[in-house]
Amino acid sequence: MIKNMKNNLKKYFSNGPKTFFVVMLLLTCISVTMFNMKKAISVIVDGKSIEVITLKSNVTQILKSNNIALGSKDQITVSLDSKVKDGDKIYIKKAVNVKVAVDGKELNIQTAEKTVEDMLKAEKIVLGDEDKITPLKSDSLKPGLAVKVTRVNTENIKETKAVKFATETKGNDELKKGDKKVIQKGKTGQKVITSAVVYENGKEVSRKLVNEEFKAQPVKEIIALGTTSVYTPSRGSEIR
């Protein structure tokens, strides 16, 4: 038994340099592999760069391991399940809170869009051709921005209005002074007025005449006024 132990020890020490070489070679391979797997990437959040050294390749894992949270409305330039390589850059735009007053409601919206117009499109808020918006559609979004949409529409409205008749007087020597007689009775006319009426959020703000036409012309009234002086003596009939 003692003889066997001596033989084993002799055999181990005789193979020692070979074993050491294999172990060192294995460690070197592991080190080289890890070095090759190591990646330096940049994560740019709202313009601020975070340099990350990682062995991971999955974007979600990289963000999680570096405590970079991604909100539901945040925007990222790569897919979360994509793989990255050394030197890659990942851009993240954090969502901001804005208020939008539209259609009688005030909406609190989280968005990472660049401009007011982009945000409205993303939120499916459709603007009409005449609608007004403040600030401008091209303005950049910033935290706490208040956006107001004013719905504007124009309607052509027709109205029928009464037109007063004119009155004309004529002297009549067949009537004595102070007497009146209606020769032609006046008649009220009618005209149709077309106006362009502008509404903002359902309230009228302006009205402009587009057209008017008579449906019935007014008929003027003609009145005869007596012009003849009459003298009545104390006895007898009137003398003109």
# chains A, B, ... in the order shown; residues from 1 in each chain; ligands from 1
$ residues_around --residues "segment 142-150 of chain A" --least-positions-apart "2" --cutoff "6 Å" --atoms "only C-alpha atoms" --output "JSON, numbers by chain"
{"A": [96, 97, 98, 99, 100, 101, 102, 131, 132, 133, 134]}
$ select_by_dssp --residues "segment 109-237 of chain A" --states "strand (DSSP E)" --output "PDB file with N, CA, C and O atoms, in the first residue's frame"
ATOM      1  N   ILE A 109     -51.214  64.918 -20.110  1.00  0.00           N
ATOM      2  CA  ILE A 109     -50.599  63.975 -21.049  1.00  0.00           C
ATOM      3  C   ILE A 109     -49.103  63.855 -20.765  1.00  0.00           C
ATOM      4  O   ILE A 109     -48.419  64.851 -20.539  1.00  0.00           O
ATOM      5  N   GLN A 110     -48.632  62.610 -20.775  1.00  0.00           N
ATOM      6  CA  GLN A 110     -47.201  62.343 -20.741  1.00  0.00           C
ATOM      7  C   GLN A 110     -46.738  62.052 -22.161  1.00  0.00           C
ATOM      8  O   GLN A 110     -47.329  61.219 -22.849  1.00  0.00           O
ATOM      9  N   THR A 111     -45.699  62.734 -22.585  1.00  0.00           N
ATOM     10  CA  THR A 111     -45.260  62.560 -23.971  1.00  0.00           C
ATOM     11  C   THR A 111     -43.761  62.809 -24.081  1.00  0.00           C
ATOM     12  O   THR A 111     -43.194  63.627 -23.351  1.00  0.00           O
ATOM     13  N   LYS A 132     -57.649  76.843 -34.086  1.00  0.00           N
ATOM     14  CA  LYS A 132     -56.523  77.626 -33.589  1.00  0.00           C
ATOM     15  C   LYS A 132     -55.830  76.837 -32.479  1.00  0.00           C
ATOM     16  O   LYS A 132     -56.471  76.074 -31.757  1.00  0.00           O
ATOM     17  N   ILE A 133     -54.515  77.059 -32.344  1.00  0.00           N
ATOM     18  CA  ILE A 133     -53.768  76.367 -31.296  1.00  0.00           C
ATOM     19  C   ILE A 133     -52.688  77.280 -30.741  1.00  0.00           C
ATOM     20  O   ILE A 133     -52.039  78.014 -31.484  1.00  0.00           O
ATOM     21  N   THR A 134     -52.553  77.271 -29.429  1.00  0.00           N
ATOM     22  CA  THR A 134     -51.475  77.997 -28.757  1.00  0.00           C
ATOM     23  C   THR A 134     -50.799  77.040 -27.778  1.00  0.00           C
ATOM     24  O   THR A 134     -51.491  76.293 -27.090  1.00  0.00           O
ATOM     25  N   ALA A 146     -48.650  74.322 -21.331  1.00  0.00           N
ATOM     26  CA  ALA A 146     -50.112  74.326 -21.475  1.00  0.00           C
ATOM     27  C   ALA A 146     -50.463  74.577 -22.934  1.00  0.00           C
ATOM     28  O   ALA A 146     -50.086  75.603 -23.506  1.00  0.00           O
ATOM     29  N   VAL A 147     -51.175  73.640 -23.516  1.00  0.00           N
ATOM     30  CA  VAL A 147     -51.581  73.728 -24.925  1.00  0.00           C
ATOM     31  C   VAL A 147     -53.094  73.935 -24.977  1.00  0.00           C
ATOM     32  O   VAL A 147     -53.844  73.233 -24.289  1.00  0.00           O
ATOM     33  N   LYS A 148     -53.527  74.894 -25.787  1.00  0.00           N
ATOM     34  CA  LYS A 148     -54.966  75.173 -25.911  1.00  0.00           C
ATOM     35  C   LYS A 148     -55.391  75.041 -27.369  1.00  0.00           C
ATOM     36  O   LYS A 148     -54.810  75.666 -28.252  1.00  0.00           O
ATOM     37  N   VAL A 149     -56.405  74.217 -27.589  1.00  0.00           N
ATOM     38  CA  VAL A 149     -56.961  74.026 -28.930  1.00  0.00           C
ATOM     39  C   VAL A 149     -58.344  74.676 -28.968  1.00  0.00           C
ATOM     40  O   VAL A 149     -59.214  74.352 -28.156  1.00  0.00           O
ATOM     41  N   THR A 150     -58.524  75.628 -29.885  1.00  0.00           N
ATOM     42  CA  THR A 150     -59.811  76.293 -30.061  1.00  0.00           C
ATOM     43  C   THR A 150     -60.438  75.790 -31.350  1.00  0.00           C
ATOM     44  O   THR A 150     -59.883  75.970 -32.433  1.00  0.00           O
ATOM     45  N   VAL A 152     -62.707  75.945 -34.378  1.00  0.00           N
ATOM     46  CA  VAL A 152     -63.278  77.035 -35.168  1.00  0.00           C
ATOM     47  C   VAL A 152     -64.018  76.447 -36.365  1.00  0.00           C
ATOM     48  O   VAL A 152     -63.480  75.589 -37.065  1.00  0.00           O
ATOM     49  N   ASN A 153     -65.242  76.894 -36.571  1.00  0.00           N
ATOM     50  CA  ASN A 153     -65.977  76.485 -37.777  1.00  0.00           C
ATOM     51  C   ASN A 153     -66.835  77.642 -38.278  1.00  0.00           C
ATOM     52  O   ASN A 153     -67.283  78.486 -37.495  1.00  0.00           O
ATOM     53  N   THR A 154     -67.017  77.683 -39.570  1.00  0.00           N
ATOM     54  CA  THR A 154     -67.782  78.751 -40.216  1.00  0.00           C
ATOM     55  C   THR A 154     -69.006  78.145 -40.896  1.00  0.00           C
ATOM     56  O   THR A 154     -68.883  77.147 -41.608  1.00  0.00           O
ATOM     57  N   GLU A 155     -70.148  78.772 -40.675  1.00  0.00           N
ATOM     58  CA  GLU A 155     -71.391  78.303 -41.289  1.00  0.00           C
ATOM     59  C   GLU A 155     -72.055  79.453 -42.039  1.00  0.00           C
ATOM     60  O   GLU A 155     -72.055  80.593 -41.568  1.00  0.00           O
ATOM     61  N   ASN A 156     -72.623  79.150 -43.213  1.00  0.00           N
ATOM     62  CA  ASN A 156     -73.430  80.124 -43.942  1.00  0.00           C
ATOM     63  C   ASN A 156     -74.878  79.980 -43.490  1.00  0.00           C
ATOM     64  O   ASN A 156     -75.484  78.920 -43.655  1.00  0.00           O
ATOM     65  N   ILE A 157     -75.403  81.040 -42.904  1.00  0.00           N
ATOM     66  CA  ILE A 157     -76.762  81.013 -42.342  1.00  0.00           C
ATOM     67  C   ILE A 157     -77.647  81.964 -43.127  1.00  0.00           C
ATOM     68  O   ILE A 157     -77.281  83.123 -43.377  1.00  0.00           O
ATOM     69  N   LYS A 158     -78.832  81.463 -43.506  1.00  0.00           N
ATOM     70  CA  LYS A 158     -79.803  82.291 -44.215  1.00  0.00           C
ATOM     71  C   LYS A 158     -80.916  82.703 -43.257  1.00  0.00           C
ATOM     72  O   LYS A 158     -81.450  81.876 -42.520  1.00  0.00           O
ATOM     73  N   GLU A 159     -81.255  84.001 -43.304  1.00  0.00           N
ATOM     74  CA  GLU A 159     -82.325  84.537 -42.474  1.00  0.00           C
ATOM     75  C   GLU A 159     -83.268  85.361 -43.340  1.00  0.00           C
ATOM     76  O   GLU A 159     -82.819  86.101 -44.231  1.00  0.00           O
ATOM     77  N   THR A 160     -84.544  85.232 -43.081  1.00  0.00           N
ATOM     78  CA  THR A 160     -85.538  86.043 -43.783  1.00  0.00           C
ATOM     79  C   THR A 160     -85.951  87.197 -42.877  1.00  0.00           C
ATOM     80  O   THR A 160     -86.388  86.982 -41.748  1.00  0.00           O
ATOM     81  N   LYS A 161     -85.787  88.424 -43.380  1.00  0.00           N
ATOM     82  CA  LYS A 161     -86.096  89.606 -42.582  1.00  0.00           C
ATOM     83  C   LYS A 161     -87.138  90.470 -43.289  1.00  0.00           C
ATOM     84  O   LYS A 161     -87.190  90.537 -44.525  1.00  0.00           O
ATOM     85  N   ALA A 162     -87.947  91.110 -42.464  1.00  0.00           N
ATOM     86  CA  ALA A 162     -88.959  92.025 -42.996  1.00  0.00           C
ATOM     87  C   ALA A 162     -88.298  93.342 -43.395  1.00  0.00           C
ATOM     88  O   ALA A 162     -87.361  93.810 -42.750  1.00  0.00           O
ATOM     89  N   VAL A 163     -88.803  93.918 -44.512  1.00  0.00           N
ATOM     90  CA  VAL A 163     -88.297  95.204 -44.990  1.00  0.00           C
ATOM     91  C   VAL A 163     -89.446  96.212 -44.916  1.00  0.00           C
ATOM     92  O   VAL A 163     -90.498  96.036 -45.547  1.00  0.00           O
ATOM     93  N   THR A 167     -93.004 105.679 -46.996  1.00  0.00           N
ATOM     94  CA  THR A 167     -94.247 106.458 -47.074  1.00  0.00           C
ATOM     95  C   THR A 167     -93.986 107.726 -47.873  1.00  0.00           C
ATOM     96  O   THR A 167     -93.031 108.457 -47.606  1.00  0.00           O
ATOM     97  N   GLU A 168     -94.852 107.939 -48.879  1.00  0.00           N
ATOM     98  CA  GLU A 168     -94.728 109.138 -49.731  1.00  0.00           C
ATOM     99  C   GLU A 168     -96.001 109.962 -49.608  1.00  0.00           C
ATOM    100  O   GLU A 168     -97.116 109.436 -49.608  1.00  0.00           O
ATOM    101  N   THR A 169     -95.818 111.261 -49.485  1.00  0.00           N
ATOM    102  CA  THR A 169     -96.984 112.161 -49.399  1.00  0.00           C
ATOM    103  C   THR A 169     -97.047 113.028 -50.644  1.00  0.00           C
ATOM    104  O   THR A 169     -96.015 113.465 -51.161  1.00  0.00           O
ATOM    105  N   LYS A 170     -98.271 113.253 -51.118  1.00  0.00           N
ATOM    106  CA  LYS A 170     -98.503 114.098 -52.293  1.00  0.00           C
ATOM    107  C   LYS A 170     -99.597 115.111 -51.972  1.00  0.00           C
ATOM    108  O   LYS A 170    -100.601 114.783 -51.329  1.00  0.00           O
ATOM    109  N   GLY A 171     -99.357 116.338 -52.452  1.00  0.00           N
ATOM    110  CA  GLY A 171    -100.385 117.358 -52.266  1.00  0.00           C
ATOM    111  C   GLY A 171    -101.596 117.097 -53.157  1.00  0.00           C
ATOM    112  O   GLY A 171    -101.451 116.640 -54.289  1.00  0.00           O
ATOM    113  N   ASN A 172    -102.779 117.369 -52.639  1.00  0.00           N
ATOM    114  CA  ASN A 172    -104.030 117.132 -53.391  1.00  0.00           C
ATOM    115  C   ASN A 172    -104.943 118.319 -53.171  1.00  0.00           C
ATOM    116  O   ASN A 172    -105.363 118.615 -52.048  1.00  0.00           O
ATOM    117  N   ASP A 173    -105.232 119.023 -54.281  1.00  0.00           N
ATOM    118  CA  ASP A 173    -106.074 120.218 -54.152  1.00  0.00           C
ATOM    119  C   ASP A 173    -107.559 119.883 -54.102  1.00  0.00           C
ATOM    120  O   ASP A 173    -108.396 120.775 -53.989  1.00  0.00           O
ATOM    121  N   GLU A 174    -107.846 118.603 -54.186  1.00  0.00           N
ATOM    122  CA  GLU A 174    -109.235 118.215 -54.045  1.00  0.00           C
ATOM    123  C   GLU A 174    -109.617 118.016 -52.573  1.00  0.00           C
ATOM    124  O   GLU A 174    -110.796 117.861 -52.252  1.00  0.00           O
ATOM    125  N   LEU A 175    -108.577 117.978 -51.747  1.00  0.00           N
ATOM    126  CA  LEU A 175    -108.813 117.832 -50.310  1.00  0.00           C
ATOM    127  C   LEU A 175    -108.462 119.135 -49.632  1.00  0.00           C
ATOM    128  O   LEU A 175    -107.544 119.852 -50.028  1.00  0.00           O
ATOM    129  N   LYS A 176    -109.217 119.429 -48.612  1.00  0.00           N
ATOM    130  CA  LYS A 176    -108.929 120.658 -47.885  1.00  0.00           C
ATOM    131  C   LYS A 176    -107.741 120.435 -46.962  1.00  0.00           C
ATOM    132  O   LYS A 176    -107.413 119.310 -46.603  1.00  0.00           O
ATOM    133  N   LYS A 180    -106.312 113.968 -44.920  1.00  0.00           N
ATOM    134  CA  LYS A 180    -105.400 112.959 -45.492  1.00  0.00           C
ATOM    135  C   LYS A 180    -106.217 111.840 -46.100  1.00  0.00           C
ATOM    136  O   LYS A 180    -107.308 111.510 -45.628  1.00  0.00           O
ATOM    137  N   LYS A 181    -105.627 111.268 -47.143  1.00  0.00           N
ATOM    138  CA  LYS A 181    -106.290 110.134 -47.769  1.00  0.00           C
ATOM    139  C   LYS A 181    -105.227 109.165 -48.285  1.00  0.00           C
ATOM    140  O   LYS A 181    -104.295 109.576 -48.974  1.00  0.00           O
ATOM    141  N   VAL A 182    -105.370 107.889 -47.926  1.00  0.00           N
ATOM    142  CA  VAL A 182    -104.423 106.872 -48.382  1.00  0.00           C
ATOM    143  C   VAL A 182    -104.788 106.481 -49.802  1.00  0.00           C
ATOM    144  O   VAL A 182    -105.853 105.923 -50.062  1.00  0.00           O
ATOM    145  N   ILE A 183    -103.895 106.826 -50.724  1.00  0.00           N
ATOM    146  CA  ILE A 183    -104.119 106.490 -52.126  1.00  0.00           C
ATOM    147  C   ILE A 183    -103.631 105.080 -52.427  1.00  0.00           C
ATOM    148  O   ILE A 183    -104.267 104.327 -53.166  1.00  0.00           O
ATOM    149  N   GLN A 184    -102.489 104.731 -51.844  1.00  0.00           N
ATOM    150  CA  GLN A 184    -101.938 103.375 -52.027  1.00  0.00           C
ATOM    151  C   GLN A 184    -101.467 102.850 -50.667  1.00  0.00           C
ATOM    152  O   GLN A 184    -100.660 103.489 -49.990  1.00  0.00           O
ATOM    153  N   GLY A 189     -92.046  94.298 -47.214  1.00  0.00           N
ATOM    154  CA  GLY A 189     -91.360  93.348 -48.089  1.00  0.00           C
ATOM    155  C   GLY A 189     -90.585  92.312 -47.280  1.00  0.00           C
ATOM    156  O   GLY A 189     -90.561  92.331 -46.052  1.00  0.00           O
ATOM    157  N   GLN A 190     -89.904  91.407 -47.977  1.00  0.00           N
ATOM    158  CA  GLN A 190     -89.080  90.379 -47.347  1.00  0.00           C
ATOM    159  C   GLN A 190     -87.788  90.209 -48.133  1.00  0.00           C
ATOM    160  O   GLN A 190     -87.793  90.242 -49.360  1.00  0.00           O
ATOM    161  N   LYS A 191     -86.671  90.027 -47.394  1.00  0.00           N
ATOM    162  CA  LYS A 191     -85.412  89.715 -48.071  1.00  0.00           C
ATOM    163  C   LYS A 191     -84.673  88.616 -47.310  1.00  0.00           C
ATOM    164  O   LYS A 191     -84.790  88.479 -46.092  1.00  0.00           O
ATOM    165  N   VAL A 192     -83.945  87.822 -48.096  1.00  0.00           N
ATOM    166  CA  VAL A 192     -83.172  86.712 -47.533  1.00  0.00           C
ATOM    167  C   VAL A 192     -81.716  87.159 -47.426  1.00  0.00           C
ATOM    168  O   VAL A 192     -81.093  87.523 -48.422  1.00  0.00           O
ATOM    169  N   ILE A 193     -81.190  87.118 -46.188  1.00  0.00           N
ATOM    170  CA  ILE A 193     -79.810  87.535 -45.927  1.00  0.00           C
ATOM    171  C   ILE A 193     -78.962  86.300 -45.632  1.00  0.00           C
ATOM    172  O   ILE A 193     -79.297  85.491 -44.769  1.00  0.00           O
ATOM    173  N   THR A 194     -77.863  86.153 -46.384  1.00  0.00           N
ATOM    174  CA  THR A 194     -76.921  85.058 -46.149  1.00  0.00           C
ATOM    175  C   THR A 194     -75.685  85.625 -45.470  1.00  0.00           C
ATOM    176  O   THR A 194     -75.043  86.537 -45.991  1.00  0.00           O
ATOM    177  N   SER A 195     -75.351  85.074 -44.299  1.00  0.00           N
ATOM    178  CA  SER A 195     -74.198  85.548 -43.526  1.00  0.00           C
ATOM    179  C   SER A 195     -73.246  84.389 -43.236  1.00  0.00           C
ATOM    180  O   SER A 195     -73.671  83.250 -43.009  1.00  0.00           O
ATOM    181  N   ALA A 196     -71.949  84.700 -43.251  1.00  0.00           N
ATOM    182  CA  ALA A 196     -70.930  83.739 -42.829  1.00  0.00           C
ATOM    183  C   ALA A 196     -70.687  83.965 -41.348  1.00  0.00           C
ATOM    184  O   ALA A 196     -70.159  85.004 -40.938  1.00  0.00           O
ATOM    185  N   VAL A 197     -71.080  82.989 -40.536  1.00  0.00           N
ATOM    186  CA  VAL A 197     -70.978  83.115 -39.077  1.00  0.00           C
ATOM    187  C   VAL A 197     -69.831  82.226 -38.587  1.00  0.00           C
ATOM    188  O   VAL A 197     -69.768  81.036 -38.896  1.00  0.00           O
ATOM    189  N   VAL A 198     -68.913  82.840 -37.835  1.00  0.00           N
ATOM    190  CA  VAL A 198     -67.755  82.123 -37.302  1.00  0.00           C
ATOM    191  C   VAL A 198     -68.008  81.784 -35.835  1.00  0.00           C
ATOM    192  O   VAL A 198     -68.366  82.650 -35.038  1.00  0.00           O
ATOM    193  N   TYR A 199     -67.795  80.491 -35.505  1.00  0.00           N
ATOM    194  CA  TYR A 199     -67.953  80.027 -34.132  1.00  0.00           C
ATOM    195  C   TYR A 199     -66.610  79.554 -33.597  1.00  0.00           C
ATOM    196  O   TYR A 199     -65.830  78.912 -34.302  1.00  0.00           O
ATOM    197  N   GLU A 200     -66.347  79.872 -32.335  1.00  0.00           N
ATOM    198  CA  GLU A 200     -65.175  79.354 -31.633  1.00  0.00           C
ATOM    199  C   GLU A 200     -65.643  78.601 -30.408  1.00  0.00           C
ATOM    200  O   GLU A 200     -66.281  79.176 -29.527  1.00  0.00           O
ATOM    201  N   LYS A 203     -69.339  79.082 -29.772  1.00  0.00           N
ATOM    202  CA  LYS A 203     -69.879  80.422 -29.541  1.00  0.00           C
ATOM    203  C   LYS A 203     -69.601  81.319 -30.745  1.00  0.00           C
ATOM    204  O   LYS A 203     -68.488  81.316 -31.282  1.00  0.00           O
ATOM    205  N   GLU A 204     -70.610  82.099 -31.118  1.00  0.00           N
ATOM    206  CA  GLU A 204     -70.444  83.005 -32.256  1.00  0.00           C
ATOM    207  C   GLU A 204     -69.488  84.128 -31.890  1.00  0.00           C
ATOM    208  O   GLU A 204     -69.632  84.777 -30.850  1.00  0.00           O
ATOM    209  N   VAL A 205     -68.504  84.386 -32.776  1.00  0.00           N
ATOM    210  CA  VAL A 205     -67.532  85.453 -32.529  1.00  0.00           C
ATOM    211  C   VAL A 205     -67.559  86.521 -33.613  1.00  0.00           C
ATOM    212  O   VAL A 205     -67.108  87.646 -33.400  1.00  0.00           O
ATOM    213  N   SER A 206     -68.088  86.188 -34.798  1.00  0.00           N
ATOM    214  CA  SER A 206     -68.157  87.192 -35.860  1.00  0.00           C
ATOM    215  C   SER A 206     -69.200  86.775 -36.887  1.00  0.00           C
ATOM    216  O   SER A 206     -69.562  85.604 -36.990  1.00  0.00           O
ATOM    217  N   ARG A 207     -69.655  87.781 -37.623  1.00  0.00           N
ATOM    218  CA  ARG A 207     -70.664  87.544 -38.661  1.00  0.00           C
ATOM    219  C   ARG A 207     -70.375  88.495 -39.821  1.00  0.00           C
ATOM    220  O   ARG A 207     -70.179  89.691 -39.616  1.00  0.00           O
ATOM    221  N   LYS A 208     -70.380  87.958 -41.041  1.00  0.00           N
ATOM    222  CA  LYS A 208     -70.075  88.763 -42.224  1.00  0.00           C
ATOM    223  C   LYS A 208     -71.132  88.511 -43.286  1.00  0.00           C
ATOM    224  O   LYS A 208     -71.490  87.377 -43.576  1.00  0.00           O
ATOM    225  N   LEU A 209     -71.628  89.638 -43.856  1.00  0.00           N
ATOM    226  CA  LEU A 209     -72.649  89.549 -44.904  1.00  0.00           C
ATOM    227  C   LEU A 209     -72.054  88.955 -46.172  1.00  0.00           C
ATOM    228  O   LEU A 209     -71.040  89.408 -46.675  1.00  0.00           O
ATOM    229  N   VAL A 210     -72.711  87.918 -46.681  1.00  0.00           N
ATOM    230  CA  VAL A 210     -72.271  87.267 -47.914  1.00  0.00           C
ATOM    231  C   VAL A 210     -73.156  87.678 -49.085  1.00  0.00           C
ATOM    232  O   VAL A 210     -72.675  88.019 -50.164  1.00  0.00           O
ATOM    233  N   ASN A 211     -74.459  87.685 -48.856  1.00  0.00           N
ATOM    234  CA  ASN A 211     -75.393  88.000 -49.947  1.00  0.00           C
ATOM    235  C   ASN A 211     -76.755  88.358 -49.361  1.00  0.00           C
ATOM    236  O   ASN A 211     -77.120  87.926 -48.266  1.00  0.00           O
ATOM    237  N   GLU A 212     -77.486  89.179 -50.106  1.00  0.00           N
ATOM    238  CA  GLU A 212     -78.872  89.448 -49.736  1.00  0.00           C
ATOM    239  C   GLU A 212     -79.696  89.631 -51.015  1.00  0.00           C
ATOM    240  O   GLU A 212     -79.233  90.211 -51.984  1.00  0.00           O
ATOM    241  N   GLU A 213     -80.893  89.090 -50.986  1.00  0.00           N
ATOM    242  CA  GLU A 213     -81.788  89.213 -52.133  1.00  0.00           C
ATOM    243  C   GLU A 213     -83.228  89.311 -51.639  1.00  0.00           C
ATOM    244  O   GLU A 213     -83.590  88.725 -50.616  1.00  0.00           O
ATOM    245  N   PHE A 214     -84.016  90.085 -52.399  1.00  0.00           N
ATOM    246  CA  PHE A 214     -85.411  90.305 -52.011  1.00  0.00           C
ATOM    247  C   PHE A 214     -86.265  89.110 -52.400  1.00  0.00           C
ATOM    248  O   PHE A 214     -86.204  88.609 -53.520  1.00  0.00           O
ATOM    249  N   LYS A 215     -87.028  88.673 -51.442  1.00  0.00           N
ATOM    250  CA  LYS A 215     -88.025  87.633 -51.707  1.00  0.00           C
ATOM    251  C   LYS A 215     -89.335  88.280 -52.130  1.00  0.00           C
ATOM    252  O   LYS A 215     -90.081  87.749 -52.957  1.00  0.00           O
ATOM    253  N   ALA A 216     -89.601  89.464 -51.576  1.00  0.00           N
ATOM    254  CA  ALA A 216     -90.781  90.261 -51.948  1.00  0.00           C
ATOM    255  C   ALA A 216     -90.421  91.718 -51.726  1.00  0.00           C
ATOM    256  O   ALA A 216     -89.999  92.104 -50.623  1.00  0.00           O
ATOM    257  N   GLU A 221     -96.273 103.254 -49.325  1.00  0.00           N
ATOM    258  CA  GLU A 221     -97.604 103.805 -49.044  1.00  0.00           C
ATOM    259  C   GLU A 221     -97.640 105.250 -49.511  1.00  0.00           C
ATOM    260  O   GLU A 221     -96.726 106.021 -49.223  1.00  0.00           O
ATOM    261  N   ILE A 222     -98.712 105.596 -50.263  1.00  0.00           N
ATOM    262  CA  ILE A 222     -98.861 106.962 -50.785  1.00  0.00           C
ATOM    263  C   ILE A 222    -100.051 107.613 -50.090  1.00  0.00           C
ATOM    264  O   ILE A 222    -101.165 107.066 -50.082  1.00  0.00           O
ATOM    265  N   ILE A 223     -99.799 108.765 -49.535  1.00  0.00           N
ATOM    266  CA  ILE A 223    -100.840 109.499 -48.798  1.00  0.00           C
ATOM    267  C   ILE A 223    -101.033 110.865 -49.455  1.00  0.00           C
ATOM    268  O   ILE A 223    -100.069 111.593 -49.707  1.00  0.00           O
ATOM    269  N   ALA A 224    -102.276 111.189 -49.712  1.00  0.00           N
ATOM    270  CA  ALA A 224    -102.619 112.506 -50.271  1.00  0.00           C
ATOM    271  C   ALA A 224    -102.905 113.470 -49.117  1.00  0.00           C
ATOM    272  O   ALA A 224    -103.652 113.145 -48.191  1.00  0.00           O
ATOM    273  N   LEU A 225    -102.316 114.669 -49.222  1.00  0.00           N
ATOM    274  CA  LEU A 225    -102.543 115.712 -48.208  1.00  0.00           C
ATOM    275  C   LEU A 225    -103.303 116.861 -48.856  1.00  0.00           C
ATOM    276  O   LEU A 225    -102.957 117.337 -49.943  1.00  0.00           O
ATOM    277  N   GLY A 226    -104.365 117.277 -48.204  1.00  0.00           N
ATOM    278  CA  GLY A 226    -105.165 118.379 -48.749  1.00  0.00           C
ATOM    279  C   GLY A 226    -104.409 119.692 -48.770  1.00  0.00           C
ATOM    280  O   GLY A 226    -103.664 120.011 -47.844  1.00  0.00           O
ATOM    281  N   THR A 227    -104.586 120.435 -49.878  1.00  0.00           N
ATOM    282  CA  THR A 227    -103.877 121.718 -50.034  1.00  0.00           C
ATOM    283  C   THR A 227    -104.837 122.892 -50.186  1.00  0.00           C
ATOM    284  O   THR A 227    -104.410 124.049 -50.250  1.00  0.00           O
ATOM    285  N   THR A 228    -106.133 122.630 -50.267  1.00  0.00           N
ATOM    286  CA  THR A 228    -107.102 123.690 -50.546  1.00  0.00           C
ATOM    287  C   THR A 228    -107.584 124.334 -49.245  1.00  0.00           C
ATOM    288  O   THR A 228    -107.984 123.628 -48.307  1.00  0.00           O
TER     289      THR A 228
END
$ closest_residue --among "A:Arg151, A:Lys187, A:Lys89, A:Lys220" --to "Glu130 of chain A" --atoms "only C-alpha atoms"
A:Arg151
$ closest_residue --among "A:Glu117, A:Gly104, A:Ser42, A:Thr54" --to "Gly202 of chain A" --atoms "only C-alpha atoms"
A:Gly104
$ closest_residue --among "A:Lys85, A:Lys73, A:Lys105, A:Lys64" --to "Ile41 of chain A" --atoms "only C-alpha atoms"
A:Lys85
$ atom_distance --atom1 "atom CA of Glu106 of chain A" --atom2 "atom CA of Leu141 of chain A"
17.0 Å
$ select_by_dssp --residues "segment 43-187 of chain A" --states "helix (DSSP H, G or I)" --output "list in words"
Val59, Thr60, Gln61, Ile62, Leu63, Lys64, Ser65, Val116, Glu117, Asp118, Met119, Leu120, Lys121 and Ala122 of chain A
$ atom_distance --atom1 "atom CA of Ile90 of chain A" --atom2 "atom CA of Ser65 of chain A"
14.9 Å
